[in-house]
file model04.cif (mmCIF, C-alpha atoms)
data_entry
loop_
_atom_site.group_PDB
_atom_site.id
_atom_site.type_symbol
_atom_site.label_atom_id
_atom_site.label_comp_id
_atom_site.auth_asym_id
_atom_site.auth_seq_id
_atom_site.Cartn_x
_atom_site.Cartn_y
_atom_site.Cartn_z
ATOM 1 C CA MET A 924 -46.825 110.718 50.732
ATOM 2 C CA ARG A 925 -44.885 108.324 48.525
ATOM 3 C CA VAL A 926 -44.706 104.544 48.976
ATOM 4 C CA LEU A 927 -41.534 102.719 47.897
ATOM 5 C CA LEU A 928 -41.823 99.060 46.897
ATOM 6 C CA PRO A 929 -39.288 96.429 45.895
ATOM 7 C CA PRO A 930 -39.698 94.841 42.472
ATOM 8 C CA SER A 931 -40.539 91.199 41.911
ATOM 9 C CA GLU A 932 -38.356 88.612 40.226
ATOM 10 C CA SER A 933 -41.503 87.369 38.474
ATOM 11 C CA LYS A 934 -42.988 89.510 35.724
ATOM 12 C CA ARG A 935 -45.818 89.237 33.248
ATOM 13 C CA PRO A 936 -44.121 88.088 30.033
ATOM 14 C CA ASP A 937 -46.514 89.921 27.740
ATOM 15 C CA GLY A 938 -48.952 92.826 27.714
ATOM 16 C CA GLY A 939 -48.604 96.458 26.767
ATOM 17 C CA ASN A 940 -49.757 98.786 24.007
ATOM 18 C CA ALA A 941 -46.548 100.463 22.855
ATOM 19 C CA ILE A 942 -42.831 99.796 22.476
ATOM 20 C CA PHE A 943 -40.867 100.485 25.660
ATOM 21 C CA ARG A 944 -38.951 103.760 25.631
ATOM 22 C CA ALA A 945 -36.569 104.469 28.509
ATOM 23 C CA GLU A 946 -36.792 108.208 27.869
ATOM 24 C CA ASN A 947 -40.419 108.119 28.984
ATOM 25 C CA LEU A 948 -39.588 106.857 32.476
ATOM 26 C CA LEU A 949 -39.877 109.108 35.510
ATOM 27 C CA PHE A 950 -36.592 110.654 36.729
ATOM 28 C CA GLN A 951 -34.957 110.101 33.332
ATOM 29 C CA ALA A 952 -32.997 113.353 33.621
ATOM 30 C CA ASP A 953 -31.382 112.138 36.861
ATOM 31 C CA LEU A 954 -31.107 108.410 36.183
ATOM 32 C CA GLY A 955 -31.099 108.100 32.390
ATOM 33 C CA GLU A 956 -27.334 107.754 31.952
ATOM 34 C CA THR A 957 -27.075 104.989 34.550
ATOM 35 C CA ARG A 958 -30.164 103.240 33.180
ATOM 36 C CA LYS A 959 -28.492 103.052 29.771
ATOM 37 C CA ARG A 960 -25.235 101.728 31.239
ATOM 38 C CA VAL A 961 -27.016 99.009 33.196
ATOM 39 C CA LEU A 962 -29.293 98.106 30.282
ATOM 40 C CA ASP A 963 -26.324 97.821 27.892
ATOM 41 C CA ALA A 964 -24.508 95.614 30.420
ATOM 42 C CA VAL A 965 -27.545 93.364 30.801
ATOM 43 C CA VAL A 966 -27.845 92.914 27.035
ATOM 44 C CA ALA A 967 -24.119 92.196 26.673
ATOM 45 C CA VAL A 968 -24.106 89.521 29.357
ATOM 46 C CA SER A 969 -27.371 87.936 28.207
ATOM 47 C CA GLY A 970 -25.845 87.061 24.841
ATOM 48 C CA ASP A 971 -23.586 84.499 26.528
ATOM 49 C CA THR A 972 -25.792 81.864 28.165
ATOM 50 C CA GLU A 973 -23.113 80.319 30.391
ATOM 51 C CA ARG A 974 -21.919 83.681 31.628
ATOM 52 C CA ALA A 975 -25.474 84.930 32.081
ATOM 53 C CA GLN A 976 -26.422 81.940 34.218
ATOM 54 C CA LYS A 977 -23.740 82.965 36.710
ATOM 55 C CA ALA A 978 -24.364 86.706 36.498
ATOM 56 C CA PHE A 979 -28.133 86.401 36.972
ATOM 57 C CA LYS A 980 -28.051 83.232 39.090
ATOM 58 C CA LEU A 981 -30.192 81.298 36.632
ATOM 59 C CA GLY A 982 -30.899 77.597 36.692
ATOM 60 C CA ALA A 983 -30.885 75.697 33.404
ATOM 61 C CA LYS A 984 -34.691 75.814 33.191
ATOM 62 C CA ALA A 985 -34.752 79.601 33.536
ATOM 63 C CA THR A 986 -32.349 80.455 30.709
ATOM 64 C CA GLY A 987 -35.322 81.177 28.453
ATOM 65 C CA GLU A 988 -35.792 84.384 30.454
ATOM 66 C CA LEU A 989 -32.622 85.723 28.840
ATOM 67 C CA GLN A 990 -34.646 86.316 25.703
ATOM 68 C CA HIS A 991 -36.472 89.097 27.534
ATOM 69 C CA ASN A 992 -33.142 90.830 28.147
ATOM 70 C CA LEU A 993 -32.153 90.505 24.503
ATOM 71 C CA ARG A 994 -35.418 92.082 23.336
ATOM 72 C CA LEU A 995 -35.401 95.139 25.591
ATOM 73 C CA SER A 996 -35.052 97.538 22.647
ATOM 74 C CA ASP A 997 -38.296 96.436 20.980
ATOM 75 C CA ALA A 998 -40.330 94.958 23.860
ATOM 76 C CA GLN A 999 -43.792 96.162 24.824
ATOM 77 C CA GLY A 1000 -44.049 98.405 27.857
ATOM 78 C CA LEU A 1001 -46.616 97.698 30.571
ATOM 79 C CA ALA A 1002 -47.285 99.732 33.738
ATOM 80 C CA ALA A 1003 -44.797 98.550 36.367
ATOM 81 C CA ILE A 1004 -47.564 97.876 38.901
ATOM 82 C CA GLU A 1005 -49.009 95.400 36.373
ATOM 83 C CA ARG A 1006 -45.710 94.053 35.012
ATOM 84 C CA TYR A 1007 -44.500 92.800 38.383
ATOM 85 C CA VAL A 1008 -46.264 89.741 39.768
ATOM 86 C CA GLY A 1009 -45.729 87.695 42.907
ATOM 87 C CA VAL A 1010 -46.932 87.693 46.500
ATOM 88 C CA LEU A 1011 -46.746 91.448 47.170
ATOM 89 C CA PHE A 1012 -48.188 92.580 43.846
ATOM 90 C CA ASP A 1013 -50.823 89.847 43.751
ATOM 91 C CA GLU A 1014 -52.089 91.055 47.138
ATOM 92 C CA ILE A 1015 -52.543 94.589 45.785
ATOM 93 C CA GLU A 1016 -54.988 93.134 43.232
ATOM 94 C CA ILE A 1017 -54.455 96.016 40.837
ATOM 95 C CA ASP A 1018 -56.883 94.559 38.284
ATOM 96 C CA GLU A 1019 -59.658 94.539 40.913
ATOM 97 C CA LEU A 1020 -59.223 98.144 42.073
ATOM 98 C CA ASP A 1021 -61.494 100.918 40.886
ATOM 99 C CA GLU A 1022 -60.241 103.818 38.795
ATOM 100 C CA ALA A 1023 -59.741 106.145 41.765
ATOM 101 C CA SER A 1024 -57.673 103.564 43.655
ATOM 102 C CA ARG A 1025 -55.556 102.831 40.595
ATOM 103 C CA GLY A 1026 -55.045 106.556 40.179
ATOM 104 C CA TRP A 1027 -53.850 106.833 43.784
ATOM 105 C CA ILE A 1028 -51.270 104.119 43.140
ATOM 106 C CA ALA A 1029 -50.101 105.809 39.936
ATOM 107 C CA ASP A 1030 -49.607 109.075 41.842
ATOM 108 C CA HIS A 1031 -48.104 107.751 45.075
ATOM 109 C CA VAL A 1032 -46.243 104.457 44.484
ATOM 110 C CA PHE A 1033 -42.640 104.062 43.283
ATOM 111 C CA ILE A 1034 -40.805 100.782 42.640
ATOM 112 C CA GLN A 1035 -37.048 100.283 43.032
ATOM 113 C CA SER A 1036 -35.783 98.374 39.990
ATOM 114 C CA ALA A 1037 -32.280 96.934 39.628
ATOM 115 C CA LEU A 1038 -32.466 97.762 35.912
ATOM 116 C CA PHE A 1039 -34.169 101.174 35.903
ATOM 117 C CA GLY A 1040 -33.599 102.570 39.383
ATOM 118 C CA LEU A 1041 -36.667 104.272 40.836
ATOM 119 C CA VAL A 1042 -39.745 104.164 38.589
ATOM 120 C CA SER A 1043 -43.353 105.185 39.013
ATOM 121 C CA ALA A 1044 -45.986 102.474 39.377
ATOM 122 C CA SER A 1045 -47.436 103.812 36.121
ATOM 123 C CA ASP A 1046 -44.146 103.816 34.196
ATOM 124 C CA GLU A 1047 -44.359 101.338 31.329
ATOM 125 C CA ILE A 1048 -41.531 98.791 31.464
ATOM 126 C CA PRO A 1049 -40.689 95.568 29.607
ATOM 127 C CA PRO A 1050 -40.163 92.112 31.129
ATOM 128 C CA TYR A 1051 -36.527 91.511 32.124
ATOM 129 C CA ARG A 1052 -34.292 89.403 34.346
ATOM 130 C CA LEU A 1053 -32.047 91.281 36.793
ATOM 131 C CA SER A 1054 -31.918 91.508 40.570
ATOM 132 C CA ALA A 1055 -30.065 93.610 43.117
ATOM 133 C CA SER A 1056 -27.611 90.737 43.622
ATOM 134 C CA SER A 1057 -26.816 90.196 39.922
ATOM 135 C CA ARG A 1058 -23.127 90.479 38.994
ATOM 136 C CA LEU A 1059 -22.294 92.906 36.182
ATOM 137 C CA THR A 1060 -19.028 94.241 37.604
ATOM 138 C CA ASP A 1061 -16.923 93.570 34.500
ATOM 139 C CA GLU A 1062 -19.343 95.498 32.293
ATOM 140 C CA LEU A 1063 -20.086 98.346 34.708
ATOM 141 C CA GLY A 1064 -16.667 98.720 36.282
ATOM 142 C CA ALA A 1065 -18.329 98.465 39.699
ATOM 143 C CA THR A 1066 -20.948 96.418 41.481
ATOM 144 C CA LEU A 1067 -24.598 97.048 40.676
ATOM 145 C CA LYS A 1068 -25.036 98.433 44.183
ATOM 146 C CA LYS A 1069 -22.177 100.920 43.823
ATOM 147 C CA THR A 1070 -23.375 101.914 40.346
ATOM 148 C CA TRP A 1071 -26.822 102.854 41.648
ATOM 149 C CA LEU A 1072 -25.460 104.457 44.820
ATOM 150 C CA GLU A 1073 -23.440 106.829 42.640
ATOM 151 C CA ALA A 1074 -26.497 107.573 40.490
ATOM 152 C CA PHE A 1075 -28.571 108.454 43.565
ATOM 153 C CA ALA A 1076 -25.829 110.434 45.328
ATOM 154 C CA ASP A 1077 -27.253 113.770 44.154
ATOM 155 C CA PHE A 1078 -30.777 112.570 43.493
ATOM 156 C CA GLU A 1079 -33.494 115.036 44.468
ATOM 157 C CA TRP A 1080 -36.058 113.001 46.363
ATOM 158 C CA PRO A 1081 -39.645 114.253 46.175
ATOM 159 C CA GLU A 1082 -40.612 116.538 49.038
ATOM 160 C CA ALA A 1083 -43.015 114.125 50.671
ATOM 161 C CA PHE A 1084 -43.253 111.664 53.542
ATOM 162 C CA MET A 1085 -41.770 108.356 52.352
ATOM 163 C CA LEU A 1086 -43.118 104.974 53.453
ATOM 164 C CA ASP A 1087 -40.260 102.643 52.557
ATOM 165 C CA LEU A 1088 -41.467 99.071 52.041
ATOM 166 C CA ARG A 1089 -38.435 97.987 50.010
ATOM 167 C CA SER A 1090 -36.443 94.915 50.998
ATOM 168 C CA LYS A 1091 -32.959 95.584 52.394
ATOM 169 C CA ASP A 1092 -31.163 94.724 49.136
ATOM 170 C CA TYR A 1093 -33.214 97.231 47.164
ATOM 171 C CA ALA A 1094 -33.214 99.941 49.824
ATOM 172 C CA ALA A 1095 -29.408 99.696 49.751
ATOM 173 C CA LEU A 1096 -29.383 100.724 46.074
ATOM 174 C CA ALA A 1097 -30.896 104.119 46.893
ATOM 175 C CA PRO A 1098 -30.896 105.045 50.603
ATOM 176 C CA ILE A 1099 -33.282 107.835 51.547
ATOM 177 C CA PRO A 1100 -31.384 110.792 53.063
ATOM 178 C CA ASP A 1101 -32.287 112.067 56.515
ATOM 179 C CA THR A 1102 -33.296 115.372 54.951
ATOM 180 C CA VAL A 1103 -36.500 113.548 53.945
ATOM 181 C CA GLU A 1104 -39.047 112.263 56.477
ATOM 182 C CA TRP A 1105 -39.346 108.518 55.993
ATOM 183 C CA LEU A 1106 -40.424 105.353 57.763
ATOM 184 C CA THR A 1107 -39.791 101.676 57.160
ATOM 185 C CA LEU A 1108 -41.902 98.872 58.610
ATOM 186 C CA ASP A 1109 -40.763 95.648 60.223
ATOM 187 C CA ILE A 1110 -43.511 93.076 59.658
ATOM 188 C CA VAL A 1111 -44.369 90.483 62.297
ATOM 189 C CA GLN A 1112 -47.270 88.090 62.643
ATOM 190 C CA ARG A 1113 -49.604 87.733 65.617
ATOM 191 C CA THR A 1114 -49.670 84.069 66.614
ATOM 192 C CA GLU A 1115 -52.568 82.133 68.114
ATOM 193 C CA ASP A 1116 -51.091 82.379 71.611
ATOM 194 C CA GLY A 1117 -50.845 86.179 71.401
ATOM 195 C CA GLY A 1118 -47.136 86.324 70.678
ATOM 196 C CA VAL A 1119 -45.445 87.570 67.511
ATOM 197 C CA ARG A 1120 -42.959 86.108 65.075
ATOM 198 C CA ALA A 1121 -40.988 87.361 62.098
ATOM 199 C CA LEU A 1122 -42.353 86.703 58.636
ATOM 200 C CA ASN A 1123 -41.114 85.745 55.188
ATOM 201 C CA HIS A 1124 -43.902 84.931 52.708
ATOM 202 C CA PHE A 1125 -46.579 86.844 54.643
ATOM 203 C CA ASN A 1126 -44.231 89.808 55.010
ATOM 204 C CA LYS A 1127 -44.878 90.507 51.318
ATOM 205 C CA ARG A 1128 -48.609 89.881 51.629
ATOM 206 C CA ALA A 1129 -48.844 92.374 54.485
ATOM 207 C CA LYS A 1130 -47.084 95.030 52.419
ATOM 208 C CA GLY A 1131 -49.385 94.431 49.462
ATOM 209 C CA ASP A 1132 -52.428 94.588 51.715
ATOM 210 C CA LEU A 1133 -51.195 97.876 53.187
ATOM 211 C CA VAL A 1134 -50.787 99.465 49.742
ATOM 212 C CA LYS A 1135 -54.260 98.274 48.738
ATOM 213 C CA ARG A 1136 -55.776 99.813 51.887
ATOM 214 C CA LEU A 1137 -54.001 103.103 51.254
ATOM 215 C CA ALA A 1138 -55.243 103.191 47.663
ATOM 216 C CA ARG A 1139 -58.823 102.333 48.540
ATOM 217 C CA SER A 1140 -58.927 104.938 51.285
ATOM 218 C CA GLN A 1141 -57.481 107.623 48.969
ATOM 219 C CA ALA A 1142 -55.200 108.495 51.869
ATOM 220 C CA THR A 1143 -53.775 112.021 52.108
ATOM 221 C CA ILE A 1144 -50.776 111.692 54.409
ATOM 222 C CA THR A 1145 -47.935 114.165 54.910
ATOM 223 C CA SER A 1146 -46.053 112.843 57.944
ATOM 224 C CA GLN A 1147 -45.285 109.790 60.053
ATOM 225 C CA ALA A 1148 -47.748 110.954 62.695
ATOM 226 C CA GLU A 1149 -50.525 111.197 60.107
ATOM 227 C CA PHE A 1150 -49.652 107.744 58.748
ATOM 228 C CA LEU A 1151 -49.836 106.164 62.203
ATOM 229 C CA ALA A 1152 -53.155 107.882 62.835
ATOM 230 C CA TRP A 1153 -54.497 106.623 59.483
ATOM 231 C CA ALA A 1154 -53.329 103.073 60.330
ATOM 232 C CA ASN A 1155 -55.092 103.219 63.694
ATOM 233 C CA ASP A 1156 -58.317 104.314 61.985
ATOM 234 C CA GLU A 1157 -57.931 101.365 59.604
ATOM 235 C CA GLY A 1158 -57.633 98.949 62.516
ATOM 236 C CA LEU A 1159 -53.983 98.200 61.744
ATOM 237 C CA GLU A 1160 -51.567 97.494 64.577
ATOM 238 C CA ILE A 1161 -48.478 99.617 63.967
ATOM 239 C CA THR A 1162 -46.219 100.640 66.831
ATOM 240 C CA GLU A 1163 -43.139 102.849 66.943
ATOM 241 C CA THR A 1164 -40.008 100.991 68.021
ATOM 242 C CA GLY A 1165 -37.959 103.893 69.330
ATOM 243 C CA GLU A 1166 -35.451 103.354 66.532
ATOM 244 C CA PRO A 1167 -35.352 106.262 64.060
ATOM 245 C CA HIS A 1168 -37.319 105.612 60.854
ATOM 246 C CA HIS A 1169 -38.629 102.255 62.096
ATOM 247 C CA ALA A 1170 -42.025 100.974 63.209
ATOM 248 C CA THR A 1171 -43.546 97.498 63.504
ATOM 249 C CA LEU A 1172 -46.655 96.298 61.695
ATOM 250 C CA VAL A 1173 -48.333 93.322 63.357
ATOM 251 C CA THR A 1174 -50.422 91.352 60.873
ATOM 252 C CA THR A 1175 -52.790 88.428 61.265
ATOM 253 C CA LEU A 1176 -52.479 87.450 57.606
ATOM 254 C CA GLY A 1177 -51.653 83.767 57.347
ATOM 255 C CA VAL A 1178 -52.645 82.900 60.905
ATOM 256 C CA VAL A 1179 -54.453 79.576 60.990
ATOM 257 C CA ALA A 1180 -57.479 79.732 63.247
ATOM 258 C CA ALA A 1181 -57.533 77.260 66.115
ATOM 259 C CA ARG A 1182 -59.924 74.333 65.716
#

call {"tool": "encode", "arguments": {"input": "model04.cif", "output": "structure tokens"}}
result
Amino acid sequence: MRVLLPPSESKRPDGGNAIFRAENLLFQADLGETRKRVLDAVVAVSGDTERAQKAFKLGAKATGELQHNLRLSDAQGLAAIERYVGVLFDEIEIDELDEASRGWIADHVFIQSALFGLVSASDEIPPYRLSASSRLTDELGATLKKTWLEAFADFEWPEAFMLDLRSKDYAALAPIPDTVEWLTLDIVQRTEDGGVRALNHFNKRAKGDLVKRLARSQATITSQAEFLAWANDEGLEITETGEPHHATLVTTLGVVAAR
């Protein structure tokens, strides 16, 4: 089993024990050339504040983040699962997990980065500012989406069941081929009256909680059927929708108890 996560716009600005080296990232043989092209484009654009604000959709108060992009060549690397912060990653509580659970995450979790493509949770990356919707067309000769689609066209996905928890924008950068068994989850919330509703903020919390449960259970899962059975044993409400590669996770996270 492999779990695919989206990145977070928010990142820890410091931390790490060694200088970041792109050649140490997982899948460098397949993605290294595109990583360098995107990284060079990011650095080039970040040197022009006005242009960078438009390319990265930055407000005036966030322009300080451009310094991260300009220091990519000598920044400290920190495990991606620790570098990214925000609702999903905060819910995983990586700093609170025991060694075995952290090891499970290192072995089973990938993160889809707009800058680096697919990386392992344990890959050490620097802080940066770039999202799937950033505009680097002039530098890349194509949109960021098209650039990564071309890089993943012949990508050899691991031979494992894939649980795809990426957001749509990031899943679009590297679609999983049908030659691989994979499943994505639509997250809904159980309301007080027994109904369900779509989620935004708690969508991310539910995904983080799911990853934490998988890690703590040291789950060994090789298929969708085994994943659904594991979820049932965990007391999670996940139902198949009838649509290929889709199931629905019903969460109670965020429900306010009636008084």

call {"tool": "closest_residue", "arguments": {"input": "model04.cif", "among": "A:Leu1108, A:Arg974, A:Pro936, A:Gln999", "to": "Lys1130 of chain A", "atoms": "only C-alpha atoms"}}
result
A:Leu1108

call {"tool": "closest_residue", "arguments": {"input": "model04.cif", "among": "A:Ala1138, A:Ala1097, A:Ala1002, A:Leu993", "to": "Ile1048 of chain A", "atoms": "all atoms listed in the file"}}
result
A:Ala1002

call {"tool": "atom_distance", "arguments": {"input": "model04.cif", "atom1": "atom CA of Asp1021 of chain A", "atom2": "atom CA of Arg925 of chain A"}}
result
19.7 Å

call {"tool": "residues_around", "arguments": {"input": "model04.cif", "residues": "Ser1045 of chain A", "least_positions_apart": "5", "cutoff": "10 Å", "atoms": "only C-alpha atoms", "output": "list in words"}}
result
Leu948, Leu949, Leu1001, Ala1002, Ala1003, Ile1004, Glu1005, Arg1006, Arg1025, Gly1026, Ile1028, Ala1029, Asp1030, His1031, Val1032, Phe1033 and Ile1034 of chain A

call {"tool": "residues_around", "arguments": {"input": "model04.cif", "residues": "Val961 of chain A", "least_positions_apart": "3", "cutoff": "8 Å", "atoms": "all atoms listed in the file", "output": "number ranges by chain"}}
result
A: 957-958, 964-965, 1038-1039, 1063

call {"tool": "write_last_selection", "arguments": {"input": "model04.cif", "atoms": "C-alpha atoms", "output": "compact mmCIF listing (two decimals), in the frame of the given file"}}
result
# COMPACT_ATOMS: atom_id res chain seq x y z
CA THR A 957 -27.08 104.99 34.55
CA ARG A 958 -30.16 103.24 33.18
CA ALA A 964 -24.51 95.61 30.42
CA VAL A 965 -27.54 93.36 30.80
CA LEU A 1038 -32.47 97.76 35.91
CA PHE A 1039 -34.17 101.17 35.90
CA LEU A 1063 -20.09 98.35 34.71

call {"tool": "residues_around", "arguments": {"input": "model04.cif", "residues": "Leu1059 of chain A", "least_positions_apart": "4", "cutoff": "12 Å", "atoms": "all atoms listed in the file", "output": "ChimeraX atom specification"}}
result
/A:960-969,974-980,1037-1038,1053-1055,1063-1070

call {"tool": "resolve_selection", "arguments": {"input": "model04.cif", "expression": "the PyMOL selection byres ((chain A and resi 1173) around 6)", "output": "PyMOL selection string"}}
result
chain A and resi 1111-1112+1160+1172+1174

call {"tool": "write_last_selection", "arguments": {"input": "model04.cif", "atoms": "C-alpha atoms", "output": "PDB file, in the frame of the given file"}}
result
ATOM      1  CA  VAL A1111     -44.369  90.483  62.297  1.00  0.00           C
ATOM      2  CA  GLN A1112     -47.270  88.090  62.643  1.00  0.00           C
ATOM      3  CA  GLU A1160     -51.567  97.494  64.577  1.00  0.00           C
ATOM      4  CA  LEU A1172     -46.655  96.298  61.695  1.00  0.00           C
ATOM      5  CA  THR A1174     -50.422  91.352  60.873  1.00  0.00           C
TER       6      THR A1174
END

call {"tool": "residues_around", "arguments": {"input": "model04.cif", "residues": "Leu1137 of chain A", "least_positions_apart": "4", "cutoff": "9 Å", "atoms": "all atoms listed in the file", "output": "compact mmCIF listing (two decimals) with C-alpha atoms, keeping the file's coordinate frame"}}
result
# COMPACT_ATOMS: atom_id res chain seq x y z
CA SER A 1024 -57.67 103.56 43.66
CA TRP A 1027 -53.85 106.83 43.78
CA ILE A 1028 -51.27 104.12 43.14
CA ASP A 1132 -52.43 94.59 51.72
CA LEU A 1133 -51.20 97.88 53.19
CA GLN A 1141 -57.48 107.62 48.97
CA ALA A 1142 -55.20 108.50 51.87
CA THR A 1143 -53.78 112.02 52.11
CA TRP A 1153 -54.50 106.62 59.48

call {"tool": "residues_near_point", "arguments": {"input": "model04.cif", "point": "(-51.1, 97.3, 53.4)", "cutoff": "12 Å", "atoms": "only C-alpha atoms", "output": "JSON, numbers by chain"}}
result
{"A": [926, 928, 1011, 1012, 1014, 1015, 1016, 1086, 1088, 1108, 1110, 1125, 1126, 1127, 1128, 1129, 1130, 1131, 1132, 1133, 1134, 1135, 1136, 1137, 1138, 1139, 1140, 1150, 1153, 1154, 1157, 1158, 1159, 1160, 1161, 1172, 1173, 1174, 1175, 1176]}

call {"tool": "resolve_selection", "arguments": {"input": "model04.cif", "expression": "the PyMOL selection byres ((chain A and resi 1075) around 10)", "output": "list in words"}}
result
Asp953, Leu954, Thr957, Gly1040, Leu1041, Lys1069, Thr1070, Trp1071, Leu1072, Glu1073, Ala1074, Ala1076, Asp1077, Phe1078, Glu1079, Trp1080, Leu1096, Ala1097, Pro1098 and Ile1099 of chain A

call {"tool": "closest_residue", "arguments": {"input": "model04.cif", "among": "A:Met924, A:Gly987, A:Gln951, A:Arg1052", "to": "Asp1087 of chain A", "atoms": "all atoms listed in the file"}}
result
A:Met924

call {"tool": "resolve_selection", "arguments": {"input": "model04.cif", "expression": "the PyMOL selection byres ((chain A and resi 939) around 7)", "output": "list in words"}}
result
Asp937, Gly938, Asn940, Ala941, Gln999, Gly1000 and Leu1001 of chain A

call {"tool": "write_last_selection", "arguments": {"input": "model04.cif", "atoms": "C-alpha atoms", "output": "compact mmCIF listing (two decimals), in the frame of the given file"}}
result
# COMPACT_ATOMS: atom_id res chain seq x y z
CA ASP A 937 -46.51 89.92 27.74
CA GLY A 938 -48.95 92.83 27.71
CA ASN A 940 -49.76 98.79 24.01
CA ALA A 941 -46.55 100.46 22.86
CA GLN A 999 -43.79 96.16 24.82
CA GLY A 1000 -44.05 98.40 27.86
CA LEU A 1001 -46.62 97.70 30.57
